[in-house]
>>> print(open('structure_12.cif').read())   # mmCIF, C-alpha atoms and all ligand atoms
data_query
loop_
_atom_site.label_atom_id
_atom_site.label_comp_id
_atom_site.auth_asym_id
_atom_site.auth_seq_id
_atom_site.Cartn_x
_atom_site.Cartn_y
_atom_site.Cartn_z
CA MET A 8 -136.98 -43.09 35.47
CA ALA A 9 -137.07 -39.75 33.72
CA GLY A 10 -140.04 -37.60 34.59
CA GLY A 11 -140.68 -39.68 37.67
CA THR A 12 -140.67 -36.65 39.93
CA MET A 13 -143.40 -34.99 37.89
CA ILE A 14 -145.79 -37.78 37.07
CA GLY A 15 -144.85 -40.45 39.53
CA VAL A 16 -144.04 -44.01 38.53
CA THR A 17 -145.05 -44.88 34.99
CA ILE A 18 -147.62 -47.66 34.91
CA PRO A 19 -150.43 -48.78 32.61
CA GLU A 20 -153.99 -47.65 33.31
CA ILE A 21 -156.41 -50.43 34.22
CA ASP A 22 -160.15 -50.01 33.79
CA GLU A 23 -161.44 -52.30 36.51
CA SER A 24 -164.97 -52.26 35.13
CA LYS A 25 -163.71 -54.00 31.99
CA CYS A 26 -161.35 -56.46 33.70
CA THR A 27 -162.70 -60.02 33.63
CA ALA A 28 -159.92 -61.33 35.88
CA CYS A 29 -158.75 -63.75 33.19
CA GLY A 30 -155.20 -63.44 34.52
CA ASP A 31 -153.52 -63.16 31.12
CA CYS A 32 -151.70 -59.98 32.09
CA VAL A 33 -150.50 -61.55 35.35
CA GLU A 34 -149.12 -64.53 33.50
CA LEU A 35 -147.61 -62.65 30.58
CA CYS A 36 -146.12 -59.48 32.08
CA PRO A 37 -142.37 -59.96 31.56
CA ALA A 38 -141.64 -57.98 34.72
CA SER A 39 -144.18 -59.82 36.91
CA ALA A 40 -145.54 -56.44 37.87
CA VAL A 41 -149.22 -57.40 37.69
CA ASP A 42 -151.38 -59.46 40.01
CA LEU A 43 -155.03 -59.96 40.72
CA VAL A 44 -156.18 -58.04 43.78
CA ASN A 45 -159.76 -58.63 44.93
CA GLY A 46 -160.59 -60.17 41.57
CA LYS A 47 -159.21 -57.31 39.48
CA ALA A 48 -155.85 -56.79 37.78
CA ALA A 49 -153.56 -54.32 39.49
CA ILE A 50 -149.98 -53.20 39.02
CA VAL A 51 -148.72 -54.47 42.35
CA ARG A 52 -145.03 -53.85 41.68
CA PRO A 53 -145.06 -50.50 39.87
CA GLU A 54 -141.32 -50.05 40.28
CA ASP A 55 -140.75 -53.22 38.22
CA CYS A 56 -142.95 -52.13 35.31
CA ASP A 57 -140.85 -50.88 32.43
CA TYR A 58 -143.88 -49.78 30.41
CA CYS A 59 -143.24 -52.34 27.69
CA THR A 60 -146.99 -52.07 26.89
CA ASP A 61 -147.29 -55.84 26.39
CA CYS A 62 -150.21 -56.05 28.81
CA GLU A 63 -152.18 -53.61 26.66
CA VAL A 64 -151.82 -56.09 23.79
CA PHE A 65 -152.53 -59.19 25.85
CA CYS A 66 -155.68 -57.95 27.54
CA SER A 67 -158.45 -59.13 25.26
CA ALA A 68 -161.03 -57.28 27.35
CA GLY A 69 -159.45 -53.94 26.49
CA ALA A 70 -159.11 -53.14 30.17
CA ILE A 71 -155.47 -52.03 30.02
CA SER A 72 -154.19 -49.01 28.22
CA CYS A 73 -150.69 -47.65 27.95
CA PRO A 74 -150.94 -44.10 26.64
CA PHE A 75 -147.97 -41.92 25.80
CA ASP A 76 -147.60 -38.20 26.36
CA ILE A 77 -146.19 -36.59 23.25
CA ILE A 78 -143.84 -33.87 24.36
CA LEU A 79 -141.79 -31.39 22.38
CA VAL A 80 -138.41 -30.93 24.04
CA LYS A 81 -136.94 -27.52 23.44
CA ASP A 82 -133.20 -26.90 23.55
CA ARG A 83 -132.39 -30.34 24.76
CA PRO A 84 -128.64 -30.76 25.01
CA ALA A 85 -127.37 -32.74 22.03
CA GLU A 86 -125.70 -35.34 24.24
CA GLN A 87 -127.52 -38.32 22.80
CA ARG A 88 -127.46 -37.49 19.15
CA MET B 12 -161.82 -91.78 -6.25
CA SER B 13 -160.58 -91.01 -2.76
CA SER B 14 -161.89 -87.89 -1.10
CA ARG B 15 -158.33 -86.72 -0.66
CA LEU B 16 -157.78 -86.95 -4.39
CA ASP B 17 -161.02 -85.03 -4.98
CA PHE B 18 -159.85 -82.38 -2.57
CA ILE B 19 -156.47 -82.06 -4.29
CA ARG B 20 -158.02 -81.84 -7.71
CA SER B 21 -160.33 -79.05 -6.58
CA LEU B 22 -157.32 -76.78 -5.90
CA PRO B 23 -156.28 -74.34 -8.64
CA TYR B 24 -152.73 -75.73 -8.61
CA PHE B 25 -153.93 -79.16 -9.67
CA ALA B 26 -156.87 -78.40 -11.93
CA GLY B 27 -156.89 -80.40 -15.13
CA LEU B 28 -154.23 -82.92 -14.09
CA SER B 29 -154.51 -86.44 -15.49
CA ASP B 30 -155.69 -89.14 -13.08
CA GLU B 31 -152.23 -90.61 -13.10
CA THR B 32 -150.44 -87.35 -12.24
CA ALA B 33 -152.99 -86.37 -9.60
CA GLY B 34 -152.66 -89.86 -8.11
CA ARG B 35 -148.88 -89.54 -8.02
CA ILE B 36 -149.14 -86.21 -6.15
CA GLU B 37 -151.69 -87.65 -3.76
CA GLU B 38 -149.36 -90.52 -2.84
CA GLN B 39 -146.68 -88.11 -1.71
CA ILE B 40 -148.90 -85.94 0.46
CA ARG B 41 -148.31 -85.91 4.17
CA GLU B 42 -151.25 -85.19 6.40
CA LEU B 43 -150.36 -83.39 9.63
CA SER B 44 -152.57 -82.32 12.50
CA PHE B 45 -151.88 -79.54 14.97
CA ALA B 46 -153.45 -78.44 18.22
CA LYS B 47 -154.55 -74.85 18.72
CA GLY B 48 -151.51 -72.62 19.09
CA GLU B 49 -149.05 -75.16 17.72
CA THR B 50 -146.44 -74.02 15.21
CA LEU B 51 -146.67 -75.55 11.74
CA LEU B 52 -143.69 -73.95 10.12
CA LEU B 53 -140.98 -71.44 10.94
CA GLU B 54 -139.77 -68.42 9.05
CA GLY B 55 -136.21 -68.87 7.76
CA GLU B 56 -136.26 -72.68 7.88
CA PRO B 57 -135.78 -74.82 4.78
CA CYS B 58 -139.01 -75.35 2.86
CA ARG B 59 -140.76 -78.70 3.40
CA GLY B 60 -143.34 -78.11 0.75
CA LEU B 61 -146.61 -76.50 -0.17
CA TYR B 62 -149.18 -76.38 2.63
CA VAL B 63 -152.89 -76.76 2.03
CA VAL B 64 -155.38 -76.31 4.85
CA LYS B 65 -157.73 -79.28 5.01
CA THR B 66 -159.64 -78.21 8.11
CA GLY B 67 -159.09 -75.44 10.64
CA ARG B 68 -157.34 -72.09 10.31
CA VAL B 69 -153.70 -71.08 10.23
CA ARG B 70 -152.21 -67.73 11.16
CA ILE B 71 -149.31 -66.79 8.87
CA PHE B 72 -147.01 -64.20 10.41
CA LYS B 73 -143.61 -62.64 10.35
CA SER B 74 -141.63 -61.89 13.49
CA SER B 75 -139.77 -58.64 13.88
CA LEU B 76 -136.33 -58.38 15.44
CA GLU B 77 -138.02 -57.33 18.68
CA GLY B 78 -140.03 -60.53 18.63
CA ARG B 79 -143.32 -58.90 17.69
CA GLU B 80 -145.53 -60.70 15.23
CA GLN B 81 -147.08 -59.24 12.13
CA VAL B 82 -149.97 -61.29 10.78
CA LEU B 83 -149.89 -61.56 6.99
CA LEU B 84 -152.93 -63.71 6.43
CA ILE B 85 -155.30 -66.20 7.98
CA ALA B 86 -155.47 -69.31 5.83
CA GLY B 87 -158.73 -71.31 5.96
CA PRO B 88 -159.80 -74.57 4.30
CA LYS B 89 -158.44 -75.00 0.76
CA SER B 90 -156.02 -72.08 1.14
CA THR B 91 -152.41 -72.79 0.24
CA PHE B 92 -149.41 -71.17 1.83
CA ASN B 93 -145.62 -71.31 1.65
CA ASP B 94 -145.94 -71.25 -2.15
CA VAL B 95 -142.92 -69.04 -2.91
CA PRO B 96 -140.11 -71.18 -1.43
CA VAL B 97 -141.49 -74.26 -3.13
CA PHE B 98 -140.63 -72.67 -6.43
CA ASP B 99 -137.63 -70.44 -5.72
CA GLY B 100 -135.87 -72.87 -3.39
CA GLY B 101 -135.38 -70.26 -0.65
CA PRO B 102 -136.31 -70.51 3.04
CA ASN B 103 -139.86 -70.17 4.40
CA PRO B 104 -140.77 -66.46 4.17
CA ALA B 105 -143.12 -66.54 7.18
CA SER B 106 -144.16 -68.69 10.13
CA GLY B 107 -147.50 -70.36 10.66
CA SER B 108 -149.39 -71.47 13.73
CA ALA B 109 -152.76 -73.14 14.19
CA LEU B 110 -155.54 -70.80 15.32
CA GLU B 111 -157.72 -73.80 16.13
CA PRO B 112 -157.31 -77.58 15.80
CA THR B 113 -156.05 -77.82 12.23
CA THR B 114 -155.16 -80.47 9.68
CA VAL B 115 -152.98 -79.60 6.71
CA TYR B 116 -151.69 -81.46 3.70
CA VAL B 117 -148.02 -80.91 2.99
CA ILE B 118 -147.12 -81.53 -0.62
CA PRO B 119 -143.35 -82.01 -0.78
CA ARG B 120 -141.40 -79.56 -2.89
CA GLU B 121 -140.13 -82.37 -5.12
CA ALA B 122 -143.69 -83.47 -5.88
CA MET B 123 -144.62 -79.93 -6.90
CA LEU B 124 -141.51 -79.54 -9.04
CA SER B 125 -142.12 -82.92 -10.67
CA LEU B 126 -145.21 -81.39 -12.30
CA VAL B 127 -142.99 -79.26 -14.50
CA ALA B 128 -139.89 -81.46 -14.48
CA ASP B 129 -140.17 -82.40 -18.12
CA CYS B 130 -140.33 -78.78 -19.22
CA PRO B 131 -137.11 -76.99 -18.23
CA ALA B 132 -138.37 -73.72 -19.71
CA ALA B 133 -141.47 -73.74 -17.50
CA MET B 134 -139.28 -74.64 -14.53
CA ASN B 135 -136.99 -71.67 -15.22
CA ILE B 136 -139.88 -69.26 -15.62
CA ILE B 137 -141.58 -70.41 -12.42
CA ARG B 138 -138.35 -70.20 -10.44
CA LEU B 139 -137.69 -66.70 -11.76
CA PHE B 140 -141.23 -65.54 -11.06
CA ALA B 141 -141.14 -66.94 -7.54
CA ALA B 142 -137.84 -65.18 -6.83
CA ARG B 143 -139.28 -61.91 -8.17
CA LEU B 144 -142.41 -62.38 -6.06
CA ARG B 145 -140.28 -62.86 -2.96
CA HIS B 146 -138.27 -59.78 -3.80
CA LEU B 147 -141.34 -57.64 -4.53
CA THR B 148 -143.05 -58.75 -1.35
CA MET B 149 -140.02 -57.63 0.63
CA LEU B 150 -139.96 -54.34 -1.27
CA VAL B 151 -143.64 -53.67 -0.58
CA GLU B 152 -143.13 -54.43 3.11
CA ASP B 153 -140.19 -52.06 3.21
CA LEU B 154 -141.97 -49.28 1.32
CA SER B 155 -145.14 -49.50 3.33
CA PHE B 156 -143.12 -49.46 6.55
CA ARG B 157 -141.24 -46.38 5.40
CA SER B 158 -144.47 -44.63 4.57
CA VAL B 159 -145.77 -45.38 8.08
CA VAL B 160 -142.56 -44.00 9.59
CA SER B 161 -143.03 -40.84 7.55
CA ARG B 162 -146.70 -40.42 8.51
CA LEU B 163 -145.88 -41.06 12.14
CA ALA B 164 -143.10 -38.47 11.99
CA LYS B 165 -145.61 -35.93 10.67
CA ALA B 166 -148.22 -36.82 13.29
CA LEU B 167 -145.69 -36.47 16.12
CA LEU B 168 -144.55 -33.09 14.77
CA ASP B 169 -148.14 -31.89 14.61
CA LEU B 170 -149.06 -33.26 18.03
CA ALA B 171 -146.05 -32.61 20.22
CA VAL B 172 -146.52 -29.88 22.79
CA ALA B 173 -143.88 -28.42 25.08
CA THR B 174 -144.65 -29.07 28.74
CA GLU B 175 -144.21 -25.40 29.59
CA SER B 176 -146.81 -24.32 27.03
CA GLN B 177 -150.45 -23.63 27.94
CA ALA B 178 -151.85 -26.32 25.65
CA PRO B 179 -152.56 -29.75 27.15
CA VAL B 180 -150.03 -32.44 26.27
CA PRO B 181 -151.67 -34.98 23.93
CA ARG B 182 -151.91 -38.48 25.33
CA LEU B 183 -152.33 -41.39 22.91
CA THR B 184 -152.05 -45.15 23.02
CA GLN B 185 -150.28 -46.93 20.18
CA ASP B 186 -153.68 -48.16 18.97
CA GLU B 187 -154.88 -44.58 18.77
CA MET B 188 -151.75 -43.53 16.87
CA ALA B 189 -152.30 -46.46 14.51
CA ALA B 190 -155.91 -45.46 13.86
CA MET B 191 -154.81 -41.90 13.28
CA ILE B 192 -152.38 -42.69 10.50
CA GLY B 193 -154.10 -45.74 9.06
CA THR B 194 -152.00 -48.66 10.21
CA VAL B 195 -151.94 -51.23 13.00
CA ARG B 196 -150.44 -51.06 16.44
CA ASP B 197 -147.71 -53.53 15.69
CA VAL B 198 -146.31 -51.37 12.92
CA ILE B 199 -146.55 -48.24 15.09
CA SER B 200 -144.42 -49.93 17.69
CA ARG B 201 -141.76 -50.74 15.09
CA ALA B 202 -141.99 -47.24 13.59
CA LEU B 203 -141.52 -45.62 17.02
CA LYS B 204 -138.39 -47.71 17.53
CA ALA B 205 -137.13 -46.71 14.09
CA LEU B 206 -137.64 -43.00 14.93
CA GLU B 207 -135.89 -43.47 18.25
CA LYS B 208 -132.97 -45.19 16.54
CA GLU B 209 -132.68 -42.21 14.19
CA GLY B 210 -132.38 -39.96 17.24
CA ALA B 211 -135.51 -37.99 16.32
CA ILE B 212 -137.47 -39.02 19.40
CA LYS B 213 -136.75 -40.57 22.75
CA ILE B 214 -139.11 -42.86 24.59
CA GLU B 215 -138.84 -42.52 28.34
CA GLY B 216 -141.46 -44.48 30.20
CA ARG B 217 -144.82 -43.13 29.09
CA ARG B 218 -143.35 -40.08 27.40
CA ILE B 219 -142.47 -39.76 23.74
CA LEU B 220 -140.01 -36.88 23.63
CA VAL B 221 -139.56 -35.14 20.32
CA VAL B 222 -135.88 -34.29 20.79
CA ASP B 223 -134.98 -33.43 17.20
CA PRO B 224 -137.92 -31.97 15.24
CA ASP B 225 -135.63 -31.25 12.27
CA LYS B 226 -134.88 -34.92 11.91
CA LEU B 227 -138.61 -35.68 12.00
CA ARG B 228 -139.27 -33.01 9.37
CA LYS B 229 -136.71 -34.60 7.07
CA MET B 230 -138.54 -37.92 7.33
CA VAL B 231 -141.95 -36.54 6.41
S1 LIG C 301 -155.73 -59.41 30.87
FE1 LIG C 301 -157.27 -57.77 31.06
S2 LIG C 301 -159.16 -58.83 31.66
FE2 LIG C 301 -157.46 -60.29 32.00
S3 LIG C 301 -156.91 -59.96 34.16
FE3 LIG C 301 -155.59 -58.62 32.96
S4 LIG C 301 -156.68 -56.65 32.91
FE4 LIG C 301 -158.16 -58.18 33.57
S1 LIG C 302 -146.27 -52.42 30.72
FE1 LIG C 302 -145.06 -54.32 30.55
S2 LIG C 302 -143.94 -54.39 32.48
FE2 LIG C 302 -145.59 -52.93 32.79
S3 LIG C 302 -147.29 -54.11 33.64
FE3 LIG C 302 -147.59 -54.09 31.42
S4 LIG C 302 -146.59 -55.95 30.69
FE4 LIG C 302 -145.85 -55.59 32.77
#
>>> encode(input="structure_12.cif", output="structure tokens", more="lines below")
Ligand code: SF4
Ligand code: SF4
Amino acid sequence: MAGGTMIGVTIPEIDESKCTACGDCVELCPASAVDLVNGKAAIVRPEDCDYCTDCEVFCSAGAISCPFDIILVKDRPAEQR
Amino acid sequence: MSSRLDFIRSLPYFAGLSDETAGRIEEQIRELSFAKGETLLLEGEPCRGLYVVKTGRVRIFKSSLEGREQVLLIAGPKSTFNDVPVFDGGPNPASGSALEPTTVYVIPREAMLSLVADCPAAMNIIRLFAARLRHLTMLVEDLSFRSVVSRLAKALLDLAVATESQAPVPRLTQDEMAAMIGTVRDVISRALKALEKEGAIKIEGRRILVVDPDKLRKMV
């Protein structure tokens, strides 16, 4: 994944203090990247997470967030225009 | 008088109907019950009739090409929905699912049309108005989406920071972007895809890369 060398694997942020262990994210993650570990949600297969951000929507406790860095790319080659 | 007849007559559509006509409508009503989460009707399918919520609540929504749902309204007791296709003959404009255990009355299209059957002029006017309403609704959806795309383009231009610059790179969730430009997350997600399709931005993992600021500027 692009940027992986700089910021590591891209995964959602989970606020364990808000997680109620309802398991919705575990059940609904299309990549099966989430599981409950010691009663809290955790991204147990980070390499499978494609940052679809679905879990952020599913989590009714507001424990998951999927922020984006907004980056201006200067002089990027026009290869994908 | 049956309570169902009373209920029907209390709806704006059927106010002032004679006992006979109201009775005729009532005979044709189908009463359907749905469990929480069950689908009542599907967008794009042929219209079965006018829906009236007897008890419960129904979520009316449209699905985007990516499968995301946009909620149009929550219909509670005595609310009607699926009105437009009843009168213009087109497919259901949106889907509906039960938010809680729900009972609805479905009044078949033919029963509704029979109310104006002996007045071809009224029939023509209603059909025309319904078709216009469908068209205008689509236009409003399209315009409001385009205005979100434009506001998002402006916000991204204002926010984006080059990684080599001193300033910290802004980090926002789609909810935060939505709050910033006055829309909802669902629409932001569609707008981001639209900007990516235009080649103005690229989404790579958790990074939104502004690859063609000129394109963004043109969309503002
Ligand atoms: S959906 Fe939210 S509250 Fe439920 S287990 Fe996942 S993180 Fe925890
Ligand atoms: S972002 Fe998508 S793939 Fe990653 S953990 Fe959440 S739901 Fe699963």
>>> residues_around(input="structure_12.cif", residues="Val69 in chain B", least_positions_apart="4", cutoff="12 Å", atoms="all atoms listed in the file", output="PyMOL selection string")
chain B and resi 44-52+62-65+82-93+105-115
>>> atom_distance(input="structure_12.cif", atom1="CA of Thr60 in chain A", atom2="CA of Ser158 in chain B")
23.7 Å
>>> closest_residue(input="structure_12.cif", among="B:Pro57, B:Gly193, B:Gly27, B:Gly210", to="chain A", atoms="all atoms listed in the file")
B:Gly210
>>> closest_residue(input="structure_12.cif", among="B:Thr194, B:Ser200, B:Thr184, B:Asn103", to="chain A", atoms="only C-alpha atoms")
B:Thr184
>>> residues_around(input="structure_12.cif", residues="Asp99 in chain B", least_positions_apart="4", cutoff="12 Å", atoms="all atoms listed in the file", output="list in words")
Pro57, Cys58, Gly60, Asn93, Asp94, Val95, Asn103, Pro104, Arg120, Met123, Leu124, Met134, Asn135, Ile136, Ile137, Arg138, Leu139, Phe140, Ala141, Ala142, Arg143, Leu144, Arg145 and His146 of chain B
>>> closest_residue(input="structure_12.cif", among="A:Cys66, A:Cys29, A:Ala49, A:Ile18", to="chain B", atoms="all atoms listed in the file")
A:Ile18
